[in-house]
$ cat my_file.cif   # mmCIF, C-alpha atoms
data_upload
loop_
_atom_site.label_atom_id
_atom_site.label_comp_id
_atom_site.auth_asym_id
_atom_site.auth_seq_id
_atom_site.Cartn_x
_atom_site.Cartn_y
_atom_site.Cartn_z
CA MET A 1 -20.25 -71.60 -32.11
CA ARG A 2 -18.26 -72.50 -29.04
CA LYS A 3 -19.58 -76.04 -28.95
CA SER A 4 -18.89 -76.59 -32.64
CA ILE A 5 -15.28 -75.53 -32.18
CA ILE A 6 -14.81 -77.81 -29.21
CA THR A 7 -16.41 -80.68 -31.11
CA ALA A 8 -14.10 -80.00 -34.04
CA ILE A 9 -11.07 -80.86 -31.94
CA CYS A 10 -12.78 -83.67 -30.01
CA LEU A 11 -12.49 -81.93 -26.66
CA LEU A 12 -16.22 -82.03 -25.97
CA LEU A 13 -18.25 -85.11 -25.15
CA ALA A 14 -21.94 -85.31 -24.40
CA PHE A 15 -22.69 -84.11 -20.91
CA SER A 16 -24.78 -86.37 -18.70
CA GLY A 17 -25.87 -85.92 -15.13
CA SER A 18 -26.47 -82.80 -13.06
CA MET A 19 -24.08 -79.90 -12.63
CA SER A 20 -23.65 -80.58 -8.92
CA ALA A 21 -20.02 -79.99 -7.98
CA GLN A 22 -20.28 -82.58 -5.25
CA GLY A 23 -21.54 -85.38 -7.47
CA THR A 24 -19.65 -88.57 -6.69
CA GLY A 25 -18.06 -90.16 -9.75
CA LYS A 26 -18.79 -87.14 -11.97
CA LYS A 27 -16.36 -86.59 -14.81
CA TRP A 28 -16.03 -83.05 -16.08
CA THR A 29 -15.93 -82.31 -19.78
CA LEU A 30 -14.31 -79.17 -21.15
CA GLN A 31 -17.73 -77.56 -21.62
CA ASP A 32 -18.69 -78.49 -18.04
CA CYS A 33 -15.61 -76.68 -16.76
CA ILE A 34 -16.26 -73.58 -18.86
CA ASP A 35 -19.96 -73.35 -17.94
CA TYR A 36 -19.30 -73.88 -14.24
CA ALA A 37 -16.52 -71.29 -14.15
CA LEU A 38 -18.65 -68.67 -15.91
CA GLN A 39 -21.32 -69.15 -13.26
CA ASN A 40 -19.18 -69.41 -10.14
CA ASN A 41 -15.90 -67.55 -10.68
CA ILE A 42 -15.46 -64.89 -8.00
CA GLN A 43 -13.98 -62.29 -10.34
CA LEU A 44 -16.93 -62.65 -12.69
CA LYS A 45 -19.28 -62.16 -9.75
CA LYS A 46 -17.44 -58.96 -8.85
CA ASN A 47 -17.75 -57.80 -12.44
CA SER A 48 -21.47 -58.45 -12.24
CA LEU A 49 -21.71 -56.16 -9.21
CA GLN A 50 -19.81 -53.47 -11.11
CA LYS A 51 -22.32 -53.73 -13.97
CA ARG A 52 -25.21 -53.33 -11.53
CA SER A 53 -23.53 -50.29 -9.97
CA ALA A 54 -22.97 -48.72 -13.39
CA GLN A 55 -26.63 -49.30 -14.29
CA GLU A 56 -27.67 -47.49 -11.10
CA ASP A 57 -25.63 -44.49 -12.27
CA VAL A 58 -27.57 -44.55 -15.55
CA LEU A 59 -30.89 -44.50 -13.73
CA GLN A 60 -29.70 -41.67 -11.49
CA SER A 61 -28.55 -39.52 -14.40
CA ARG A 62 -31.88 -40.04 -16.19
CA ALA A 63 -33.73 -38.96 -13.08
CA GLU A 64 -31.72 -35.71 -13.08
CA LEU A 65 -33.75 -34.58 -16.11
CA LEU A 66 -36.89 -34.41 -13.96
CA PRO A 67 -37.79 -31.57 -11.57
CA SER A 68 -37.02 -31.98 -7.91
CA LEU A 69 -39.76 -31.46 -5.30
CA ASN A 70 -39.23 -30.98 -1.58
CA ALA A 71 -41.60 -30.46 1.32
CA SER A 72 -40.29 -28.94 4.53
CA THR A 73 -41.51 -27.73 7.88
CA ALA A 74 -39.84 -25.96 10.78
CA GLN A 75 -41.23 -25.76 14.33
CA ASN A 76 -39.55 -23.30 16.68
CA ILE A 77 -40.00 -22.21 20.26
CA VAL A 78 -38.60 -18.72 20.91
CA TYR A 79 -37.64 -17.24 24.27
CA ARG A 80 -37.16 -13.45 24.64
CA PRO A 81 -36.18 -12.68 28.23
CA PHE A 82 -35.82 -8.88 27.86
CA ILE A 83 -38.91 -7.95 25.86
CA ALA A 84 -40.03 -4.37 26.69
CA SER A 85 -43.74 -4.39 25.83
CA GLY A 86 -46.63 -6.78 25.93
CA GLN A 87 -50.44 -6.93 25.96
CA SER A 88 -52.80 -4.97 28.28
CA THR A 89 -56.39 -5.90 29.18
CA VAL A 90 -59.13 -4.34 31.45
CA ALA A 91 -60.93 -6.67 33.88
CA ASN A 92 -63.22 -5.70 36.80
CA GLY A 93 -62.12 -2.07 36.57
CA TYR A 94 -58.41 -2.92 36.72
CA VAL A 95 -55.83 -2.71 33.96
CA GLN A 96 -53.85 -5.96 33.58
CA SER A 97 -50.73 -6.36 31.46
CA SER A 98 -48.86 -9.51 30.35
CA ILE A 99 -45.65 -10.13 28.48
CA ASP A 100 -45.15 -13.37 26.50
CA LYS A 101 -41.45 -14.13 26.71
CA VAL A 102 -41.91 -17.63 25.18
CA TYR A 103 -43.82 -18.14 21.95
CA TYR A 104 -44.07 -20.68 19.14
CA ASN A 105 -43.57 -20.37 15.35
CA GLY A 106 -44.38 -22.90 12.62
CA ASN A 107 -43.33 -22.75 8.94
CA TYR A 108 -44.54 -25.04 6.13
CA SER A 109 -43.39 -25.03 2.49
CA VAL A 110 -43.25 -27.06 -0.73
CA ASN A 111 -40.59 -26.10 -3.30
CA GLY A 112 -39.69 -27.41 -6.74
CA ASN A 113 -36.64 -26.83 -8.96
CA TRP A 114 -35.98 -27.80 -12.54
CA THR A 115 -32.81 -27.31 -14.53
CA VAL A 116 -34.09 -26.46 -18.01
CA TRP A 117 -30.71 -26.29 -19.74
CA ASN A 118 -27.12 -26.51 -18.52
CA GLY A 119 -25.13 -26.72 -21.71
CA ASN A 120 -26.55 -30.22 -22.35
CA ARG A 121 -24.47 -31.53 -19.44
CA ASN A 122 -27.32 -33.62 -18.02
CA ARG A 123 -28.04 -35.45 -21.28
CA ASN A 124 -24.37 -36.01 -21.99
CA THR A 125 -24.00 -37.39 -18.50
CA ILE A 126 -26.66 -39.96 -19.34
CA LYS A 127 -24.71 -40.95 -22.47
CA LEU A 128 -21.48 -41.23 -20.48
CA ASN A 129 -23.06 -43.39 -17.78
CA GLU A 130 -24.64 -45.64 -20.40
CA MET A 131 -21.21 -46.06 -21.98
CA ASN A 132 -19.72 -46.81 -18.57
CA ALA A 133 -22.33 -49.52 -18.11
CA GLN A 134 -21.32 -51.00 -21.48
CA LEU A 135 -17.67 -50.80 -20.47
CA ALA A 136 -18.45 -52.72 -17.28
CA GLU A 137 -20.23 -55.37 -19.34
CA LEU A 138 -17.25 -55.64 -21.68
CA ASP A 139 -14.93 -55.96 -18.69
CA SER A 140 -16.98 -58.96 -17.64
CA ALA A 141 -16.77 -60.41 -21.16
CA ILE A 142 -12.99 -59.94 -21.18
CA THR A 143 -12.68 -61.74 -17.86
CA ALA A 144 -14.88 -64.57 -19.14
CA ARG A 145 -12.74 -64.94 -22.28
CA ASN A 146 -9.55 -65.01 -20.21
CA ILE A 147 -10.97 -67.64 -17.90
CA GLU A 148 -12.04 -69.77 -20.86
CA GLU A 149 -8.56 -69.52 -22.39
CA ARG A 150 -6.95 -70.64 -19.14
CA ILE A 151 -9.38 -73.53 -18.77
CA VAL A 152 -8.72 -74.74 -22.32
CA LYS A 153 -4.96 -74.56 -21.80
CA LEU A 154 -5.11 -76.51 -18.53
CA PHE A 155 -7.54 -79.03 -20.03
CA VAL A 156 -5.25 -79.71 -22.99
CA GLN A 157 -2.25 -79.99 -20.68
CA ILE A 158 -4.12 -82.60 -18.66
CA LEU A 159 -4.94 -84.54 -21.83
CA TYR A 160 -1.33 -84.37 -22.99
CA SER A 161 0.01 -85.49 -19.61
CA HIS A 162 -2.53 -88.30 -19.48
CA GLU A 163 -1.37 -89.48 -22.89
CA ALA A 164 2.25 -89.15 -21.77
CA ILE A 165 1.48 -91.56 -18.93
CA ALA A 166 0.25 -94.11 -21.46
CA VAL A 167 3.45 -93.74 -23.51
CA SER A 168 5.59 -94.10 -20.37
CA GLN A 169 3.64 -97.19 -19.31
CA GLN A 170 4.19 -98.74 -22.70
CA SER A 171 7.88 -97.93 -22.43
CA LEU A 172 7.95 -99.45 -18.94
CA GLU A 173 6.47 -102.71 -20.22
CA THR A 174 9.19 -102.88 -22.86
CA SER A 175 11.87 -102.14 -20.26
CA ARG A 176 10.57 -104.89 -18.01
CA LEU A 177 10.59 -107.31 -20.90
CA ASN A 178 14.17 -106.35 -21.76
CA GLU A 179 15.19 -106.72 -18.12
CA GLN A 180 13.65 -110.21 -17.96
CA ARG A 181 15.32 -111.13 -21.20
CA GLY A 182 18.63 -109.82 -19.87
CA GLN A 183 18.29 -111.85 -16.69
CA THR A 184 17.78 -114.96 -18.79
CA MET A 185 20.87 -114.14 -20.83
CA VAL A 186 22.88 -113.60 -17.63
CA ASP A 187 21.74 -116.96 -16.34
CA VAL A 188 23.04 -118.70 -19.48
CA GLY A 189 26.21 -116.63 -19.55
CA LYS A 190 25.43 -114.53 -22.64
CA MET A 191 25.37 -111.18 -20.78
CA SER A 192 27.27 -109.62 -17.95
CA ARG A 193 25.62 -108.36 -14.83
CA ALA A 194 26.92 -104.87 -15.66
CA ASP A 195 24.82 -104.87 -18.83
CA LEU A 196 21.84 -106.19 -16.87
CA SER A 197 22.20 -103.33 -14.40
CA GLN A 198 21.82 -100.87 -17.30
CA LEU A 199 18.56 -102.52 -18.30
CA THR A 200 17.42 -102.32 -14.69
CA ALA A 201 18.31 -98.62 -14.58
CA GLN A 202 16.31 -98.02 -17.74
CA ARG A 203 13.30 -99.76 -16.22
CA ALA A 204 13.64 -97.64 -13.06
CA GLN A 205 13.84 -94.48 -15.19
CA ASP A 206 10.60 -95.41 -16.94
CA GLU A 207 8.93 -95.89 -13.56
CA TYR A 208 10.18 -92.45 -12.53
CA ASN A 209 8.80 -90.94 -15.75
CA ILE A 210 5.36 -92.38 -14.97
CA VAL A 211 5.41 -90.87 -11.47
CA ALA A 212 6.48 -87.49 -12.91
CA ALA A 213 3.72 -87.57 -15.55
CA GLU A 214 1.11 -88.49 -12.92
CA SER A 215 2.36 -85.61 -10.77
CA ASN A 216 1.91 -83.22 -13.71
CA VAL A 217 -1.69 -84.40 -14.14
CA LYS A 218 -2.41 -83.81 -10.46
CA ASN A 219 -0.84 -80.36 -10.60
CA PHE A 220 -2.85 -79.32 -13.67
CA LYS A 221 -6.05 -80.66 -12.09
CA PHE A 222 -5.30 -78.67 -8.95
CA GLN A 223 -4.91 -75.48 -10.98
CA LEU A 224 -8.14 -76.22 -12.83
CA LYS A 225 -9.99 -76.78 -9.56
CA GLN A 226 -8.78 -73.44 -8.27
CA LEU A 227 -9.98 -71.73 -11.42
CA LEU A 228 -13.39 -73.37 -10.98
CA GLU A 229 -13.54 -72.47 -7.26
CA LEU A 230 -13.73 -76.18 -6.37
CA SER A 231 -11.30 -76.31 -3.46
CA ASP A 232 -13.54 -78.72 -1.50
CA LEU A 233 -13.92 -81.28 -4.29
CA GLU A 234 -11.57 -84.19 -3.64
CA ASP A 235 -12.48 -86.66 -6.41
CA PHE A 236 -12.15 -84.21 -9.30
CA GLU A 237 -11.90 -86.14 -12.56
CA ILE A 238 -12.16 -84.96 -16.14
CA GLU A 239 -13.65 -86.79 -19.09
CA ILE A 240 -10.85 -87.97 -21.38
CA PRO A 241 -12.20 -87.57 -24.93
CA THR A 242 -11.32 -89.71 -27.88
CA TYR A 243 -9.09 -88.12 -30.47
CA THR A 244 -7.70 -88.74 -33.94
CA ASP A 245 -4.58 -87.62 -35.75
CA ALA A 246 -6.81 -85.90 -38.32
CA GLN A 247 -7.71 -83.25 -35.75
CA ALA A 248 -4.09 -82.11 -35.67
CA LEU A 249 -3.92 -82.16 -39.46
CA GLU A 250 -7.01 -80.05 -40.17
CA GLN A 251 -6.68 -76.80 -42.07
CA ILE A 252 -5.26 -73.95 -40.00
CA PRO A 253 -7.37 -70.76 -40.12
CA PRO A 254 -5.65 -67.98 -42.14
CA LEU A 255 -3.83 -65.42 -40.01
CA GLY A 256 -5.39 -62.42 -41.75
CA SER A 257 -9.01 -63.53 -41.45
CA VAL A 258 -8.57 -64.45 -37.78
CA TYR A 259 -7.14 -61.00 -37.03
CA VAL A 260 -9.85 -59.14 -38.96
CA ASN A 261 -12.61 -61.04 -37.18
CA ALA A 262 -10.91 -60.57 -33.82
CA LEU A 263 -10.76 -56.79 -34.36
CA ASP A 264 -14.55 -56.75 -34.63
CA ASN A 265 -15.50 -59.42 -32.11
CA ARG A 266 -12.99 -59.43 -29.27
CA PRO A 267 -14.40 -57.60 -26.20
CA GLU A 268 -11.07 -55.92 -25.42
CA MET A 269 -11.12 -54.27 -28.85
CA GLN A 270 -14.74 -53.22 -28.43
CA ARG A 271 -13.87 -51.78 -25.04
CA ALA A 272 -10.94 -49.78 -26.42
CA ARG A 273 -13.12 -48.25 -29.14
CA LEU A 274 -15.95 -47.51 -26.71
CA ALA A 275 -13.51 -45.80 -24.34
CA ILE A 276 -12.59 -43.37 -27.15
CA GLU A 277 -16.29 -42.63 -27.75
CA SER A 278 -16.84 -42.03 -24.04
CA SER A 279 -13.91 -39.58 -23.99
CA ASP A 280 -15.67 -37.55 -26.71
CA VAL A 281 -18.71 -37.28 -24.46
CA SER A 282 -16.47 -36.32 -21.53
CA ILE A 283 -15.08 -33.46 -23.63
CA ASP A 284 -18.62 -32.20 -24.33
CA ILE A 285 -19.44 -32.38 -20.63
CA ALA A 286 -16.33 -30.39 -19.77
CA LYS A 287 -17.18 -27.73 -22.38
CA SER A 288 -20.62 -27.25 -20.82
CA GLY A 289 -18.90 -25.55 -17.89
CA SER A 290 -18.56 -22.38 -20.01
CA MET A 291 -22.23 -22.30 -21.00
CA PRO A 292 -25.16 -20.62 -19.20
CA THR A 293 -27.50 -22.55 -16.96
CA VAL A 294 -31.25 -21.91 -17.00
CA GLY A 295 -33.47 -23.09 -14.18
CA ILE A 296 -37.07 -22.72 -13.01
CA SER A 297 -38.22 -22.79 -9.41
CA GLY A 298 -41.56 -22.54 -7.72
CA GLY A 299 -43.26 -23.25 -4.44
CA PHE A 300 -45.78 -22.30 -1.82
CA GLY A 301 -45.69 -21.96 1.95
CA THR A 302 -47.37 -20.64 5.07
CA ASN A 303 -46.61 -20.07 8.75
CA THR A 304 -48.23 -19.87 12.16
CA THR A 305 -47.30 -18.29 15.49
CA SER A 306 -48.65 -18.35 19.04
CA MET A 307 -48.26 -14.56 19.19
CA SER A 308 -51.38 -14.22 17.04
CA ASP A 309 -54.90 -14.41 18.44
CA ARG A 310 -56.18 -16.06 15.29
CA ALA A 311 -56.80 -19.77 15.12
CA TRP A 312 -54.15 -22.08 13.66
CA GLY A 313 -56.28 -22.87 10.60
CA SER A 314 -56.98 -19.22 9.95
CA GLN A 315 -53.27 -18.40 10.13
CA MET A 316 -52.43 -21.23 7.70
CA LYS A 317 -54.89 -19.77 5.22
CA THR A 318 -54.14 -16.07 5.50
CA ASN A 319 -50.34 -16.56 5.55
CA LEU A 320 -50.31 -18.81 2.46
CA ASP A 321 -48.11 -17.54 -0.39
CA PHE A 322 -47.03 -18.81 -3.81
CA SER A 323 -43.82 -18.08 -5.75
CA VAL A 324 -42.49 -18.80 -9.24
CA GLY A 325 -39.09 -17.80 -10.54
CA ALA A 326 -36.45 -18.35 -13.17
CA THR A 327 -32.69 -18.24 -12.81
CA LEU A 328 -29.98 -17.62 -15.37
CA SER A 329 -26.38 -18.29 -14.43
CA ILE A 330 -23.66 -17.15 -16.85
CA PRO A 331 -20.08 -18.17 -16.04
CA ILE A 332 -17.67 -15.30 -16.53
CA PHE A 333 -14.48 -16.31 -14.77
CA ASP A 334 -14.06 -19.70 -13.11
CA ASN A 335 -10.33 -19.68 -12.34
CA ARG A 336 -9.61 -21.77 -15.48
CA GLN A 337 -11.60 -24.74 -14.18
CA THR A 338 -13.49 -25.31 -17.45
CA LYS A 339 -10.44 -24.98 -19.67
CA THR A 340 -8.49 -27.37 -17.49
CA ALA A 341 -11.34 -29.90 -17.55
CA VAL A 342 -11.57 -29.71 -21.36
CA ASN A 343 -7.81 -30.11 -21.83
CA LYS A 344 -7.65 -33.07 -19.45
CA ALA A 345 -10.56 -34.73 -21.26
CA LYS A 346 -8.71 -34.29 -24.57
CA ILE A 347 -5.54 -35.74 -23.06
CA GLN A 348 -7.53 -38.72 -21.84
CA ARG A 349 -8.84 -39.23 -25.36
CA GLU A 350 -5.31 -39.30 -26.73
CA SER A 351 -4.43 -41.88 -24.09
CA TYR A 352 -7.37 -44.05 -25.15
CA LEU A 353 -6.21 -43.81 -28.78
CA LEU A 354 -2.81 -45.11 -27.72
CA ASP A 355 -4.52 -47.88 -25.74
CA LEU A 356 -6.38 -48.91 -28.90
CA GLN A 357 -3.15 -49.05 -30.89
CA ASP A 358 -1.52 -51.09 -28.13
CA GLN A 359 -4.48 -53.47 -28.00
CA GLN A 360 -4.34 -53.94 -31.77
CA LYS A 361 -0.64 -54.67 -31.63
CA THR A 362 -1.02 -57.08 -28.73
CA LEU A 363 -3.93 -58.83 -30.42
CA TYR A 364 -2.01 -59.30 -33.66
CA ASN A 365 1.07 -60.60 -31.82
CA THR A 366 -1.05 -63.06 -29.86
CA ILE A 367 -2.84 -64.38 -32.94
CA GLU A 368 0.38 -64.54 -34.94
CA THR A 369 2.01 -66.53 -32.13
CA TYR A 370 -0.86 -69.04 -32.15
CA TRP A 371 -0.71 -69.24 -35.94
CA ILE A 372 3.06 -69.78 -36.04
CA ASP A 373 2.85 -72.40 -33.29
CA ALA A 374 0.01 -74.18 -35.08
CA THR A 375 1.81 -74.15 -38.43
CA THR A 376 5.17 -75.18 -36.98
CA ASN A 377 3.83 -77.95 -34.77
CA GLN A 378 1.60 -79.31 -37.51
CA SER A 379 4.69 -79.72 -39.68
CA LYS A 380 6.51 -81.25 -36.70
CA PHE A 381 3.63 -83.65 -36.17
CA LYS A 382 3.74 -84.84 -39.76
CA ALA A 383 7.48 -85.45 -39.47
CA ALA A 384 7.10 -87.01 -36.02
CA GLN A 385 4.59 -89.54 -37.33
CA ILE A 386 7.11 -90.76 -39.87
CA ALA A 387 9.91 -90.69 -37.29
CA THR A 388 7.86 -92.75 -34.82
CA GLN A 389 7.06 -95.38 -37.43
CA SER A 390 10.71 -95.53 -38.45
CA GLN A 391 11.98 -95.74 -34.88
CA GLN A 392 9.37 -98.42 -34.06
CA ALA A 393 10.49 -100.56 -36.96
CA SER A 394 14.16 -99.95 -36.11
CA TYR A 395 13.65 -100.88 -32.46
CA GLU A 396 11.79 -104.07 -33.31
CA LEU A 397 14.69 -105.07 -35.57
CA LEU A 398 17.25 -104.15 -32.90
CA SER A 399 15.32 -106.13 -30.30
CA GLU A 400 15.33 -109.22 -32.49
CA GLN A 401 19.03 -108.79 -33.31
CA PHE A 402 19.78 -108.33 -29.61
CA ARG A 403 17.95 -111.56 -28.84
CA LEU A 404 20.12 -113.31 -31.43
CA GLY A 405 23.28 -111.75 -30.01
CA LEU A 406 23.93 -109.55 -33.06
CA LYS A 407 23.50 -106.24 -31.19
CA ASN A 408 24.85 -105.18 -27.82
CA ILE A 409 23.06 -103.62 -24.87
CA ILE A 410 24.09 -100.06 -25.76
CA GLU A 411 22.53 -100.30 -29.21
CA LEU A 412 19.33 -101.75 -27.76
CA MET A 413 19.00 -99.00 -25.13
CA THR A 414 19.77 -96.31 -27.68
CA GLY A 415 17.12 -97.67 -30.02
CA LYS A 416 14.53 -97.69 -27.20
CA THR A 417 15.45 -94.14 -26.13
CA ASN A 418 15.09 -92.94 -29.70
CA LEU A 419 11.67 -94.62 -29.98
CA VAL A 420 10.38 -93.08 -26.75
CA GLN A 421 11.68 -89.65 -27.78
CA ALA A 422 9.96 -89.96 -31.16
CA GLN A 423 6.69 -90.92 -29.45
CA GLN A 424 6.95 -87.98 -27.06
CA ASN A 425 7.72 -85.59 -29.93
CA GLU A 426 4.70 -86.84 -31.84
CA LEU A 427 2.47 -86.51 -28.79
CA GLU A 428 3.68 -83.02 -27.90
CA SER A 429 3.41 -81.64 -31.44
CA LYS A 430 -0.05 -83.18 -31.82
CA TYR A 431 -1.58 -81.59 -28.72
CA THR A 432 0.23 -78.31 -29.28
CA THR A 433 -1.24 -78.15 -32.78
CA ILE A 434 -4.74 -78.97 -31.54
CA TYR A 435 -4.50 -76.32 -28.83
CA ASN A 436 -3.28 -73.59 -31.17
CA ILE A 437 -5.90 -74.37 -33.82
CA TYR A 438 -8.55 -74.16 -31.12
CA MET A 439 -7.22 -70.80 -29.96
CA LEU A 440 -7.21 -69.42 -33.51
CA LYS A 441 -10.88 -70.39 -33.85
CA PHE A 442 -11.52 -68.99 -30.38
CA TYR A 443 -10.14 -65.59 -31.40
CA GLN A 444 -11.96 -65.73 -34.73
CA ARG A 445 -15.44 -66.13 -33.29
#

$ encode --input "my_file.cif" --output "structure tokens"
Amino acid sequence: MRKSIITAICLLLAFSGSMSAQGTGKKWTLQDCIDYALQNNIQLKKNSLQKRSAQEDVLQSRAELLPSLNASTAQNIVYRPFIASGQSTVANGYVQSSIDKVYYNGNYSVNGNWTVWNGNRNRNTIKLNEMNAQLAELDSAITARNIEERIVKLFVQILYSHEAIAVSQQSLETSRLNEQRGQTMVDVGKMSRADLSQLTAQRAQDEYNIVAAESNVKNFKFQLKQLLELSDLEDFEIEIPTYTDAQALEQIPPLGSVYVNALDNRPEMQRARLAIESSDVSIDIAKSGSMPTVGISGGFGTNTTSMSDRAWGSQMKTNLDFSVGATLSIPIFDNRQTKTAVNKAKIQRESYLLDLQDQQKTLYNTIETYWIDATTNQSKFKAAQIATQSQQASYELLSEQFRLGLKNIIELMTGKTNLVQAQQNELESKYTTIYNIYMLKFYQR
């Protein structure tokens, strides 16, 4: 869809060659710029990391549905310096006694816990994290759309400025011809040097206009390079596509249909609606704080000690025990924590509803602006075409009359100024129309 739109306004040519940013002599088409930016823009890369982080939260919340299992062991050495009794033995007719002030204990256990039900908080948490992952993906889509809009605007500005250079160069050639003609007339005494100086000033002004237009092209290219993260590319050149007047005269998409499609397709609108849905889940999670929690636990363990005469293996066996239990936790008074959480979740939902209304208003205003600009400039372009043809014919007649001495220098310069202005008006209205038609189709898709 994107390529068909770009083709429709002749801003896309066939791409040849590799996508290497360092390729010598490479000329970038509009599609090249868009594709490269979507792959290399730093903000988009950050958004990608946010999506991955959100997906990790989804996996974590799903794992919370499963029981937890832990194995533990504790090894302790105990010292009792003031123990009062010990062990006595008889050897060789003598009674011998010993007191063990230092002894060793070992404990070993495996325990499992499973939350059976907690007011459906765990499952709602999964839903919320899945929605957050979708929100992160939509954030990335919004950033991509914004980048594409900026690239298209800069690209069209470069095309317009490039065309303005051609108009200024054509005007400069005419000014030089008039200056040469004036010099000839001065030489034969048919014109004063004061009039010749005005022709010279007009030629100098046209040269200045060319330099200014070339500076605009460089500035727009610099901005485009920054957007593409191409700060190290010196010979950045774009492919200048062919164009026709028919592209500025094509049918403008209806305002209503563009807006309706944009409501369904634009990622910022999808994000606003999804945020409202996520707030509903947040309310359910907050309400679960007032519900009971049921859990099951179980485990087994054993212990050993150096105070026993039995072997380590025998102690491990005889001291082995198993346990199974269930817990029920019923919240009675939580210092208003649950009620506060529910109310804040509801307030957040109201805020998201206002965000949706604001997004709808902003979207309509943006589309209406593009539609008005497209409609107005298309009408201007039609009028400018006629004005340019009229001014061209008028200037050619003035130039001939000036050569015959029937018109003075002021009339000639005025006629040329009017012609250049008509050409600039035609050029500006043409590219403005093309850009706004493109943007209407961009918002419609």

$ closest_atom_pairs --input "my_file.cif" --of "stretch 86-199 of chain A" --to "stretch 392-404 of chain A" --cutoff "12 Å" --atoms "all atoms listed in the file" --output "CSV"
residue,atom,partner,partner_atom,distance
A:Ser171,CA,A:Gln392,CA,11.7
A:Thr174,CA,A:Ser399,CA,10.2
A:Ser175,CA,A:Ser399,CA,11.3
A:Leu177,CA,A:Ser399,CA,10.6
A:Asn178,CA,A:Ser399,CA,8.6
A:Gln180,CA,A:Arg403,CA,11.8
A:Arg181,CA,A:Arg403,CA,8.1
A:Gly182,CA,A:Arg403,CA,9.2
A:Thr184,CA,A:Arg403,CA,10.6
A:Met185,CA,A:Arg403,CA,8.9
A:Lys190,CA,A:Arg403,CA,10.2
A:Met191,CA,A:Phe402,CA,10.8

$ residues_around --input "my_file.cif" --residues "A:Gln50" --least-positions-apart "5" --cutoff "12 Å" --atoms "only C-alpha atoms" --output "compact mmCIF listing (two decimals) with C-alpha atoms, in the frame of the given file"
# COMPACT_ATOMS: atom_id res chain seq x y z
CA GLN A 43 -13.98 -62.29 -10.34
CA LEU A 44 -16.93 -62.65 -12.69
CA LYS A 45 -19.28 -62.16 -9.75
CA GLN A 55 -26.63 -49.30 -14.29
CA GLU A 56 -27.67 -47.49 -11.10
CA ASP A 57 -25.63 -44.49 -12.27
CA ASN A 132 -19.72 -46.81 -18.57
CA ALA A 133 -22.33 -49.52 -18.11
CA GLN A 134 -21.32 -51.00 -21.48
CA LEU A 135 -17.67 -50.80 -20.47
CA ALA A 136 -18.45 -52.72 -17.28
CA GLU A 137 -20.23 -55.37 -19.34
CA LEU A 138 -17.25 -55.64 -21.68
CA ASP A 139 -14.93 -55.96 -18.69
CA SER A 140 -16.98 -58.96 -17.64

$ residues_around --input "my_file.cif" --residues "stretch 121-128 of chain A" --least-positions-apart "2" --cutoff "8 Å" --atoms "only C-alpha atoms" --output "ChimeraX atom specification"
/A:58,61-62,64-65,118-119,130-132,278,281-282,284-285,288

$ closest_residue --input "my_file.cif" --among "A:Val294, A:Ile330, A:Leu249, A:Val260" --to "A:Ile434" --atoms "all atoms listed in the file"
A:Leu249

$ atom_distance --input "my_file.cif" --atom1 "atom CA of A:Tyr103" --atom2 "atom CA of A:Ser308"
9.8 Å

$ resolve_selection --input "my_file.cif" --expression "the PyMOL selection byres ((chain A and resi 417) around 12)" --output "VMD selection string"
chain A and resid 168 171 to 172 174 to 175 199 202 to 203 205 to 206 388 391 to 392 394 to 395 410 to 416 418 to 424

$ resolve_selection --input "my_file.cif" --expression "the PyMOL selection byres ((chain A and resi 318-329) around 8)" --output "PDB file with C-alpha atoms, in the coordinates of the input"
ATOM      1  CA  PRO A 292     -25.160 -20.620 -19.200  1.00  0.00           C
ATOM      2  CA  THR A 293     -27.500 -22.550 -16.960  1.00  0.00           C
ATOM      3  CA  VAL A 294     -31.250 -21.910 -17.000  1.00  0.00           C
ATOM      4  CA  GLY A 295     -33.470 -23.090 -14.180  1.00  0.00           C
ATOM      5  CA  ILE A 296     -37.070 -22.720 -13.010  1.00  0.00           C
ATOM      6  CA  SER A 297     -38.220 -22.790  -9.410  1.00  0.00           C
ATOM      7  CA  GLY A 298     -41.560 -22.540  -7.720  1.00  0.00           C
ATOM      8  CA  GLY A 299     -43.260 -23.250  -4.440  1.00  0.00           C
ATOM      9  CA  PHE A 300     -45.780 -22.300  -1.820  1.00  0.00           C
ATOM     10  CA  GLY A 301     -45.690 -21.960   1.950  1.00  0.00           C
ATOM     11  CA  THR A 302     -47.370 -20.640   5.070  1.00  0.00           C
ATOM     12  CA  ASN A 303     -46.610 -20.070   8.750  1.00  0.00           C
ATOM     13  CA  THR A 304     -48.230 -19.870  12.160  1.00  0.00           C
ATOM     14  CA  SER A 314     -56.980 -19.220   9.950  1.00  0.00           C
ATOM     15  CA  GLN A 315     -53.270 -18.400  10.130  1.00  0.00           C
ATOM     16  CA  MET A 316     -52.430 -21.230   7.700  1.00  0.00           C
ATOM     17  CA  LYS A 317     -54.890 -19.770   5.220  1.00  0.00           C
ATOM     18  CA  ILE A 330     -23.660 -17.150 -16.850  1.00  0.00           C
ATOM     19  CA  PRO A 331     -20.080 -18.170 -16.040  1.00  0.00           C
TER      20      PRO A 331
END

$ atom_distance --input "my_file.cif" --atom1 "atom CA of A:Asn436" --atom2 "atom CA of A:Ser390"
27.0 Å

$ resolve_selection --input "my_file.cif" --expression "the PyMOL selection byres ((chain A and resi 196) around 9)" --output "JSON, numbers by chain"
{"A": [179, 182, 183, 185, 186, 191, 192, 193, 194, 195, 197, 198, 199, 200, 201, 409]}
